[in-house]
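Source file coords_33.cif; content: mmCIF, C-alpha atoms.
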```
data_query
loop_
_atom_site.label_atom_id
_atom_site.label_comp_id
_atom_site.auth_asym_id
_atom_site.auth_seq_id
_atom_site.Cartn_x
_atom_site.Cartn_y
_atom_site.Cartn_z
CA MET A 1 -30.31 23.26 27.30
CA GLY A 2 -30.49 21.73 30.73
CA GLU A 3 -30.08 17.98 30.93
CA LYS A 4 -32.68 15.80 32.62
CA TYR A 5 -31.50 13.90 35.65
CA ALA A 6 -33.19 11.03 37.41
CA GLU A 7 -34.89 12.06 40.62
CA ALA A 8 -34.16 10.34 43.90
CA GLY A 9 -35.64 6.86 43.94
CA GLN A 10 -36.35 6.87 40.21
CA SER A 11 -34.93 3.84 38.40
CA VAL A 12 -32.32 4.44 35.72
CA PRO A 13 -31.93 2.05 32.78
CA PRO A 14 -28.59 0.23 32.49
CA VAL A 15 -26.03 1.87 30.19
CA LEU A 16 -23.09 0.07 28.61
CA GLN A 17 -19.71 1.62 29.29
CA THR A 18 -17.76 2.41 26.13
CA VAL A 19 -14.82 4.12 27.77
CA GLU A 20 -12.35 3.47 24.94
CA ALA A 21 -14.55 5.42 22.55
CA ILE A 22 -14.85 8.45 24.82
CA PRO A 23 -11.99 10.99 25.22
CA GLU A 24 -10.97 11.35 28.85
CA ASP A 25 -12.22 14.94 29.08
CA LYS A 26 -15.61 13.84 27.77
CA VAL A 27 -16.09 10.84 30.05
CA VAL A 28 -19.44 10.96 31.78
CA LEU A 29 -20.61 9.05 34.79
CA LEU A 30 -22.74 6.10 33.80
CA GLN A 31 -25.22 4.51 36.12
CA ARG A 32 -26.85 1.10 36.27
CA SER A 33 -30.23 0.72 37.89
CA ASP A 34 -29.03 -2.12 40.15
CA SER A 35 -25.85 -0.59 41.51
CA LEU A 36 -24.21 2.66 42.63
CA LEU A 37 -21.35 4.64 41.17
CA LEU A 38 -18.65 3.75 43.65
CA GLN A 39 -14.89 4.08 43.32
CA THR A 40 -11.81 3.46 45.38
CA ARG A 41 -9.40 6.31 46.02
CA ALA A 42 -7.36 4.89 43.12
CA LYS A 43 -10.49 5.31 40.95
CA TRP A 44 -11.24 1.62 40.50
CA GLN A 45 -14.95 1.11 39.90
CA ILE A 46 -16.14 -1.07 42.77
CA PRO A 47 -18.65 -3.71 41.65
CA ASN A 48 -21.73 -3.50 43.86
CA GLU A 49 -25.39 -4.45 43.88
CA LEU A 50 -28.43 -2.85 45.44
CA ARG A 51 -30.46 -5.44 47.30
CA PRO A 52 -34.14 -5.00 48.17
CA GLU A 53 -35.10 -4.89 51.84
CA ARG A 54 -36.24 -8.17 53.38
CA HIS A 55 -39.67 -8.47 54.96
CA PRO A 56 -39.84 -7.46 58.65
CA ALA A 57 -40.86 -11.02 59.58
CA ALA A 58 -37.72 -12.34 57.89
CA LEU A 59 -35.55 -9.78 59.66
CA LYS A 60 -37.16 -10.67 62.99
CA ALA A 61 -36.31 -14.35 62.42
CA ALA A 62 -32.71 -13.36 61.73
CA VAL A 63 -32.51 -11.48 65.04
CA GLU A 64 -33.91 -14.52 66.87
CA LEU A 65 -31.40 -16.81 65.17
CA ALA A 66 -28.47 -14.58 66.11
CA ARG A 67 -29.73 -14.26 69.69
CA GLY A 68 -29.82 -18.05 69.92
CA ILE A 69 -26.27 -18.46 68.64
CA PHE A 70 -24.57 -15.56 70.45
CA PRO A 71 -26.82 -14.06 73.16
CA ASP A 72 -24.08 -11.62 74.16
CA ALA A 73 -23.81 -10.01 70.70
CA ILE A 74 -25.38 -6.55 70.72
CA LEU A 75 -27.71 -5.75 67.83
CA ARG A 76 -27.01 -2.28 66.43
CA SER A 77 -29.22 -2.25 63.35
CA ILE A 78 -31.16 -4.58 61.07
CA THR A 79 -31.64 -4.25 57.31
CA ALA A 80 -30.79 -6.34 54.25
CA THR A 81 -29.83 -3.48 51.95
CA TYR A 82 -26.07 -3.79 52.48
CA ASN A 83 -23.63 -6.48 53.60
CA CYS A 84 -20.53 -6.48 55.79
CA VAL A 85 -18.28 -5.13 53.04
CA GLY A 86 -20.84 -2.47 52.12
CA MET A 87 -20.90 -1.42 55.75
CA VAL A 88 -17.12 -0.93 55.83
CA VAL A 89 -16.32 0.50 52.38
CA ALA A 90 -19.61 1.97 51.12
CA SER A 91 -21.18 3.70 54.11
CA ARG A 92 -23.95 1.09 54.37
CA ARG A 93 -25.34 1.90 50.94
CA THR A 94 -24.95 -1.30 48.92
CA TRP A 95 -23.66 -4.90 48.68
CA VAL A 96 -19.99 -5.36 47.82
CA ASP A 97 -18.39 -8.77 47.26
CA PRO A 98 -15.85 -9.85 49.93
CA ALA A 99 -13.65 -11.07 47.06
CA ASP A 100 -13.00 -7.40 46.19
CA LEU A 101 -12.25 -6.30 49.74
CA VAL A 102 -8.43 -6.49 49.81
CA ARG A 103 -8.13 -4.61 46.53
CA ILE A 104 -10.41 -1.87 47.85
CA LEU A 105 -8.44 -1.51 51.08
CA ARG A 106 -5.12 -1.37 49.19
CA ASP A 107 -6.52 1.18 46.74
CA ASP A 108 -7.74 3.26 49.67
CA GLY A 109 -4.31 3.29 51.31
CA TYR A 110 -4.83 0.75 54.05
CA ARG A 111 -1.89 -1.37 55.21
CA LYS A 112 -1.88 -4.83 56.73
CA LEU A 113 -0.97 -5.20 60.41
CA ASN A 114 0.96 -8.06 61.94
CA GLY A 115 -1.85 -9.23 64.20
CA PRO A 116 -4.73 -8.27 66.52
CA GLU A 117 -2.36 -6.77 69.09
CA GLU A 118 -1.51 -4.03 66.56
CA GLY A 119 -5.18 -3.38 65.86
CA ASP A 120 -7.04 -0.40 67.29
CA ILE A 121 -10.37 1.39 67.08
CA GLY A 122 -11.40 2.03 63.47
CA ASP A 123 -9.22 -0.71 62.00
CA VAL A 124 -10.58 -3.45 59.77
CA VAL A 125 -10.73 -7.18 60.59
CA ILE A 126 -11.02 -9.57 57.64
CA TYR A 127 -12.42 -13.03 58.27
CA HIS A 128 -11.38 -16.04 56.18
CA ASP A 129 -13.39 -19.10 55.30
CA GLU A 130 -12.00 -22.62 55.60
CA ASN A 131 -10.24 -22.19 52.23
CA GLY A 132 -8.44 -19.06 53.41
CA MET A 133 -10.55 -16.67 51.36
CA PRO A 134 -12.10 -13.43 52.69
CA CYS A 135 -15.77 -14.03 53.49
CA HIS A 136 -16.56 -11.43 56.17
CA VAL A 137 -15.29 -8.12 57.53
CA GLY A 138 -15.81 -5.88 60.55
CA LEU A 139 -14.60 -2.68 62.19
CA VAL A 140 -12.76 -2.59 65.52
CA VAL A 141 -14.82 -0.60 68.02
CA ARG A 142 -12.91 -1.40 71.21
CA LYS A 143 -9.53 -2.73 72.28
CA ASN A 144 -9.87 -4.65 75.54
CA ILE A 145 -6.37 -4.06 76.90
CA LEU A 146 -7.38 -3.88 80.55
CA LEU A 147 -9.35 -7.10 80.26
CA ALA A 148 -6.68 -9.08 78.43
CA GLY A 149 -6.46 -12.53 79.91
CA GLY A 150 -9.87 -12.27 81.51
CA GLN A 151 -11.69 -11.89 78.22
CA GLU A 152 -11.53 -14.13 75.21
CA ASP A 153 -11.13 -11.43 72.56
CA LEU A 154 -8.62 -8.60 72.56
CA LEU A 155 -10.73 -6.74 70.00
CA THR A 156 -14.43 -5.96 69.97
CA VAL A 157 -15.84 -5.62 66.47
CA LEU A 158 -18.88 -4.14 64.74
CA SER A 159 -19.90 -6.23 61.74
CA LYS A 160 -22.89 -7.08 59.58
CA TRP A 161 -23.84 -10.75 59.83
CA GLY A 162 -24.78 -11.62 56.28
CA ALA A 163 -27.90 -10.00 54.94
CA ASP A 164 -29.48 -8.96 58.18
CA GLY A 165 -28.22 -7.73 61.54
CA GLU A 166 -25.28 -5.48 62.40
CA TYR A 167 -23.76 -6.63 65.71
CA ILE A 168 -21.16 -5.57 68.24
CA HIS A 169 -19.29 -8.70 69.33
CA GLY A 170 -15.98 -10.20 70.36
CA ALA A 171 -13.83 -10.55 67.23
CA SER A 172 -14.03 -14.34 67.23
CA ARG A 173 -17.67 -14.52 68.36
CA VAL A 174 -19.41 -14.84 64.99
CA PRO A 175 -21.51 -17.63 63.44
CA ILE A 176 -19.27 -20.37 62.05
CA TYR A 177 -20.28 -19.58 58.46
CA LEU A 178 -18.70 -16.12 58.77
CA GLY A 179 -15.24 -17.68 59.16
CA ALA A 180 -12.52 -16.64 61.60
CA PRO A 181 -10.53 -13.39 62.10
CA ALA A 182 -7.45 -13.64 59.92
CA GLU A 183 -6.22 -10.24 58.73
CA TYR A 184 -6.02 -6.83 60.38
CA TRP A 185 -5.78 -3.65 58.28
CA THR A 186 -5.49 0.01 59.17
CA ASP A 187 -5.61 3.40 57.47
CA ARG A 188 -4.01 5.16 60.46
CA ARG A 189 -1.32 7.71 59.61
CA THR A 190 1.24 9.34 61.89
CA LEU A 191 3.40 12.38 61.42
CA MET B 1 -37.96 -35.92 57.74
CA ASN B 2 -40.22 -36.44 54.73
CA ALA B 3 -40.40 -34.22 51.64
CA LYS B 4 -43.35 -32.20 52.88
CA GLU B 5 -41.69 -31.43 56.21
CA ALA B 6 -38.42 -30.53 54.50
CA MET B 7 -40.17 -28.15 52.10
CA GLU B 8 -42.07 -26.50 54.94
CA ARG B 9 -38.80 -25.85 56.72
CA ILE B 10 -37.04 -24.62 53.58
CA GLU B 11 -39.86 -22.14 53.03
CA GLY B 12 -39.78 -20.96 56.65
CA HIS B 13 -38.21 -17.84 58.13
CA SER B 14 -35.70 -19.79 60.23
CA PHE B 15 -34.15 -21.39 57.16
CA SER B 16 -34.11 -18.05 55.37
CA ALA B 17 -32.39 -16.44 58.36
CA MET B 18 -29.74 -19.16 58.39
CA VAL B 19 -28.80 -19.01 54.71
CA ASN B 20 -28.90 -15.22 54.80
CA LEU B 21 -25.92 -15.25 57.14
CA ALA B 22 -24.03 -15.26 53.85
CA SER B 23 -22.48 -12.10 52.47
CA ASP B 24 -21.61 -13.66 49.13
CA PHE B 25 -22.79 -16.46 46.90
CA PRO B 26 -20.05 -19.01 47.74
CA THR B 27 -20.91 -18.70 51.44
CA PHE B 28 -24.63 -18.92 50.66
CA LEU B 29 -23.93 -22.16 48.79
CA ARG B 30 -21.86 -23.53 51.65
CA ILE B 31 -24.61 -22.83 54.21
CA LEU B 32 -27.33 -24.16 51.92
CA THR B 33 -25.63 -27.48 51.21
CA SER B 34 -24.97 -28.11 54.90
CA GLN B 35 -28.57 -27.74 56.05
CA HIS B 36 -30.30 -30.91 57.25
CA GLU B 37 -33.59 -30.14 55.50
CA VAL B 38 -31.83 -29.63 52.16
CA ARG B 39 -30.06 -32.96 52.43
CA ALA B 40 -33.32 -34.63 53.45
CA LEU B 41 -35.18 -33.21 50.47
CA ALA B 42 -32.33 -34.17 48.16
CA ASP B 43 -32.78 -37.79 49.31
CA GLU B 44 -36.54 -37.63 48.84
CA MET B 45 -36.08 -36.26 45.33
CA LYS B 46 -34.73 -39.60 44.20
CA SER B 47 -38.45 -40.13 43.68
CA GLU B 48 -39.61 -38.62 40.39
CA ARG B 49 -42.90 -37.64 42.01
CA VAL B 50 -41.14 -35.54 44.65
CA THR B 51 -38.92 -33.94 42.01
CA LEU B 52 -42.04 -32.98 40.09
CA ASP B 53 -43.60 -31.58 43.28
CA VAL B 54 -40.55 -29.39 43.83
CA PHE B 55 -40.62 -28.23 40.22
CA ALA B 56 -44.31 -27.34 40.52
CA ARG B 57 -43.66 -25.54 43.78
CA VAL B 58 -41.17 -23.21 42.07
CA GLY B 59 -43.97 -22.03 39.79
CA GLU B 60 -46.35 -21.55 42.71
CA LEU B 61 -43.85 -19.56 44.77
CA ALA B 62 -42.75 -17.43 41.85
CA ALA B 63 -46.36 -16.50 41.16
CA LYS B 64 -47.02 -15.32 44.71
CA PRO B 65 -47.94 -11.65 44.98
CA LEU B 66 -45.10 -9.33 45.94
CA GLU B 67 -44.90 -6.34 48.22
CA GLU B 68 -42.94 -3.98 46.01
CA GLU B 69 -40.71 -2.58 48.73
CA TYR B 70 -39.56 -6.02 49.88
CA GLU B 71 -37.51 -8.86 48.49
CA HIS B 72 -39.39 -11.89 47.17
CA PRO B 73 -40.59 -13.73 50.31
CA ALA B 74 -39.57 -17.11 48.89
CA ASP B 75 -36.16 -16.04 47.61
CA SER B 76 -34.14 -18.52 49.71
CA ALA B 77 -36.56 -21.38 49.02
CA LEU B 78 -36.50 -20.71 45.27
CA ALA B 79 -32.69 -20.73 45.30
CA THR B 80 -32.72 -24.02 47.20
CA TYR B 81 -35.22 -25.68 44.87
CA LEU B 82 -33.20 -24.58 41.85
CA TRP B 83 -30.09 -26.11 43.37
CA LEU B 84 -31.86 -29.40 44.05
CA LEU B 85 -33.60 -29.54 40.67
CA ASN B 86 -30.31 -29.03 38.90
CA ALA B 87 -28.94 -32.09 40.68
CA ARG B 88 -31.91 -34.24 39.61
CA ASN B 89 -33.22 -33.09 36.27
CA GLY B 90 -31.65 -30.58 33.88
CA ASP B 91 -34.87 -29.95 31.97
CA TYR B 92 -36.83 -29.14 35.10
CA PHE B 93 -34.00 -26.92 36.25
CA GLU B 94 -33.90 -24.96 32.98
CA LYS B 95 -37.63 -24.27 33.09
CA ALA B 96 -37.50 -23.36 36.77
CA ALA B 97 -34.48 -21.09 36.23
CA GLU B 98 -36.33 -19.29 33.46
CA THR B 99 -39.26 -18.76 35.81
CA VAL B 100 -37.00 -17.40 38.56
CA LEU B 101 -35.09 -15.09 36.21
CA GLY B 102 -38.41 -13.61 35.16
CA CYS B 103 -39.40 -13.13 38.77
CA LYS B 104 -38.93 -9.70 40.36
CA GLN B 105 -37.20 -8.95 43.63
CA CYS B 106 -35.16 -12.17 43.83
CA TRP B 107 -31.59 -12.10 45.13
CA TRP B 108 -30.06 -15.50 45.91
CA ALA B 109 -32.50 -17.27 43.58
CA ARG B 110 -31.38 -15.12 40.65
CA LYS B 111 -27.74 -15.70 41.53
CA MET B 112 -28.37 -19.44 41.71
CA ALA B 113 -30.03 -19.48 38.30
CA GLU B 114 -27.14 -17.53 36.80
CA TYR B 115 -24.55 -19.62 38.60
CA VAL B 116 -25.89 -23.01 37.55
CA ARG B 117 -26.43 -21.82 34.00
CA GLY B 118 -22.73 -20.98 33.96
CA GLN B 119 -23.14 -17.25 33.56
CA LYS B 120 -21.37 -16.53 36.84
CA LYS B 121 -19.10 -19.05 38.50
CA PRO B 122 -17.03 -17.65 41.36
CA GLU B 123 -13.92 -19.82 41.82
CA ARG B 124 -14.65 -20.29 45.50
CA CYS B 125 -17.85 -22.16 44.63
CA GLN B 126 -15.88 -24.97 43.05
CA GLU B 127 -13.91 -25.49 46.28
CA ILE B 128 -17.11 -25.52 48.32
CA LEU B 129 -18.78 -28.03 46.03
CA GLN B 130 -15.74 -30.28 46.11
CA SER B 131 -15.64 -30.29 49.93
CA HIS B 132 -19.41 -30.94 49.95
CA ARG B 133 -18.91 -33.95 47.66
CA ASP B 134 -16.02 -35.20 49.79
CA SER B 135 -18.14 -35.04 52.92
#
```
Will you turn the file into structure tokens for me?
Amino acid sequence: MGEKYAEAGQSVPPVLQTVEAIPEDKVVLLQRSDSLLLQTRAKWQIPNELRPERHPAALKAAVELARGIFPDAILRSITATYNCVGMVVASRRTWVDPADLVRILRDDGYRKLNGPEEGDIGDVVIYHDENGMPCHVGLVVRKNILLAGGQEDLLTVLSKWGADGEYIHGASRVPIYLGAPAEYWTDRRTL
Amino acid sequence: MNAKEAMERIEGHSFSAMVNLASDFPTFLRILTSQHEVRALADEMKSERVTLDVFARVGELAAKPLEEEYEHPADSALATYLWLLNARNGDYFEKAAETVLGCKQCWWARKMAEYVRGQKKPERCQEILQSHRDS
């Protein structure tokens, strides 16, 4: 007998996980209606939440706000359905809490660098709030070696500013509430 | 800024854009508590009449028709009013939180209701609230 599966876009009722009661070879994937099945490479279930889209008028106001704060930031995309961590670790599919970010990177085999000078394209920049906790993250998209000294930031970053816009910007050029660049992580491997 | 002006701003797109710079609830709380219009309304809510107006406004906003594909248009304002009501009147807050939790398509407002009710309390929120009190 074929099983019935939810079709794309169809909501699925929440199911409680009872892993201890299920033998490993019988474990099935369980899905909540408000999140995605998402795991690290070490098979840790990443908590995440699906957020509804915000109204176009609200998104437009967010673009205007960002333009007022940092006119030189380049808008890449605008949607509320994922946040900065979701952009980096979940392919822009869902919201993931910054509090889980370091665990996810470690599970996925990333290692911490000694500073921005060791960073390169594709690496991850973690921003800390005033209490030293991760509150924002971005991806390095350019290393400005030739401009060092003439430009404020060595690294140019792509990051999602809260709920709304995804911007390309100097690593330190983010709204104050997104904190300051503090940690640099990479997954680069060499032979 | 009087209560009416503060509420108009809190329900506006600019305020929503500002608080939605947050990627998590502790940051949302930090932005919210630092906004001028929120502090102004908090002062005005020392009046019982204004507190009652804010409580009534939660019901009005929650009852607004939704566009199914979009988040609740008053999500940020509802979260803000819950925060302020909790500081003034626990009974009003409880009723308002119940209304919000029954409201579809809310994001920050639902998190605020759950947070204040003690269902979810990220540790970072305590640090933010302490620094807010200190300031």
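For chain A, the residues close to chain B, meaning within 6 Å and counting all atoms listed in the file, are Pro52, Glu53, Arg54, His55, Ala58, Ala61, Ala62, Asn83, Trp161, Gly162 and Ala163 of chain A.
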Output the selection as a compact mmCIF listing (two decimals), keeping the file's coordinate frame - C-alpha atoms for each residue.
```txt
# COMPACT_ATOMS: atom_id res chain seq x y z
CA PRO A 52 -34.14 -5.00 48.17
CA GLU A 53 -35.10 -4.89 51.84
CA ARG A 54 -36.24 -8.17 53.38
CA HIS A 55 -39.67 -8.47 54.96
CA ALA A 58 -37.72 -12.34 57.89
CA ALA A 61 -36.31 -14.35 62.42
CA ALA A 62 -32.71 -13.36 61.73
CA ASN A 83 -23.63 -6.48 53.60
CA TRP A 161 -23.84 -10.75 59.83
CA GLY A 162 -24.78 -11.62 56.28
CA ALA A 163 -27.90 -10.00 54.94
```
Could you pull out every residue with an atom within 9 Å of (-8.0, 4.2, 49.5), file coordinates, counting all atoms listed in the file, and send them as a count of residues only? 12
Which residues fall under the PyMOL selection byres ((chain B and resi 9) around 12) in this file, as a PyMOL selection string? chain B and resi 1-8+10-18+35-38+40-41+74+76-77+80
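Closest to B:Ala79 among B:Ala109, B:Val50, B:Glu44, B:Arg117 is B:Ala109, based on all atoms listed in the file.
For the pair atom CA of B:Leu32 and atom CA of B:Leu52, the separation is 20.8 Å.
Put simply, the PyMOL selection byres ((chain B and resi 61) around 9) on this file hits Ala56, Arg57, Val58, Gly59, Glu60, Ala62, Ala63, Lys64, Pro65, Pro73, Ala74, Asp75, Ala77 and Leu78 of chain B.
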Keeping only C-alpha atoms, write those residues as an mmCIF file, in the coordinates of the input.
```
data_model
loop_
_atom_site.group_PDB
_atom_site.id
_atom_site.type_symbol
_atom_site.label_atom_id
_atom_site.label_comp_id
_atom_site.auth_asym_id
_atom_site.auth_seq_id
_atom_site.Cartn_x
_atom_site.Cartn_y
_atom_site.Cartn_z
ATOM 1 C CA ALA B 56 -44.310 -27.340 40.520
ATOM 2 C CA ARG B 57 -43.660 -25.540 43.780
ATOM 3 C CA VAL B 58 -41.170 -23.210 42.070
ATOM 4 C CA GLY B 59 -43.970 -22.030 39.790
ATOM 5 C CA GLU B 60 -46.350 -21.550 42.710
ATOM 6 C CA ALA B 62 -42.750 -17.430 41.850
ATOM 7 C CA ALA B 63 -46.360 -16.500 41.160
ATOM 8 C CA LYS B 64 -47.020 -15.320 44.710
ATOM 9 C CA PRO B 65 -47.940 -11.650 44.980
ATOM 10 C CA PRO B 73 -40.590 -13.730 50.310
ATOM 11 C CA ALA B 74 -39.570 -17.110 48.890
ATOM 12 C CA ASP B 75 -36.160 -16.040 47.610
ATOM 13 C CA ALA B 77 -36.560 -21.380 49.020
ATOM 14 C CA LEU B 78 -36.500 -20.710 45.270
#
```
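Counting all atoms listed in the file, the residue from B:Arg110, B:Phe55, B:Leu66, B:Thr33 that sits nearest to B:Tyr81 is B:Phe55.
Of the residues under consideration (A:Thr81, A:Thr186, A:Asn48, A:Thr94), A:Thr186 shows the shortest atom-to-atom contact distance to A:Arg111 when counting all atoms listed in the file.
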Calculated over only C-alpha atoms, which of the candidates A:Gln39, A:Ser33, A:Asn131, A:Ser77 has the smallest distance to A:Arg103? A:Gln39
Could you work out how far atom CA of A:Glu49 lies from atom CA of A:Asp34, giving the answer in Å with one decimal? 5.7 Å
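Of note, atom CA of A:Ala182 and atom CA of A:Val137 are spaced 9.9 Å apart.
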Please check which residues have atoms at most 12 Å from (-21.9, -4.1, 54.7) in the file's coordinates, counting all atoms listed in the file, and write them as a count of residues only. 45
Min atom-atom distance to A:Glu152 from the set A:Ile121, A:Val140, A:Ala171, A:Ile69, counting all atoms listed in the file, belongs to A:Ala171
Mind giving me the axis-aligned box for stretch 96-104 of chain B with 6 Å on every side, centre plus edges in Å to one decimal, as JSON?
```
{"center_x": -36.9, "center_y": -16.5, "center_z": 36.9, "size_x": 16.9, "size_y": 25.7, "size_z": 18.9}
```
Can you list what the PyMOL selection byres ((chain B and resi 93) around 10) grabs from this structure, as a PyMOL selection string? chain B and resi 55+58+81-92+94-99+113+116-117
Identify, on the basis of all atoms listed in the file, every residue whose closest approach to A:Ile168 does not exceed 6 Å; exclude the query and any residue fewer than 5 positions from it along the same chain; express the result as a PyMOL selection string. chain A and resi 73-74+157-158
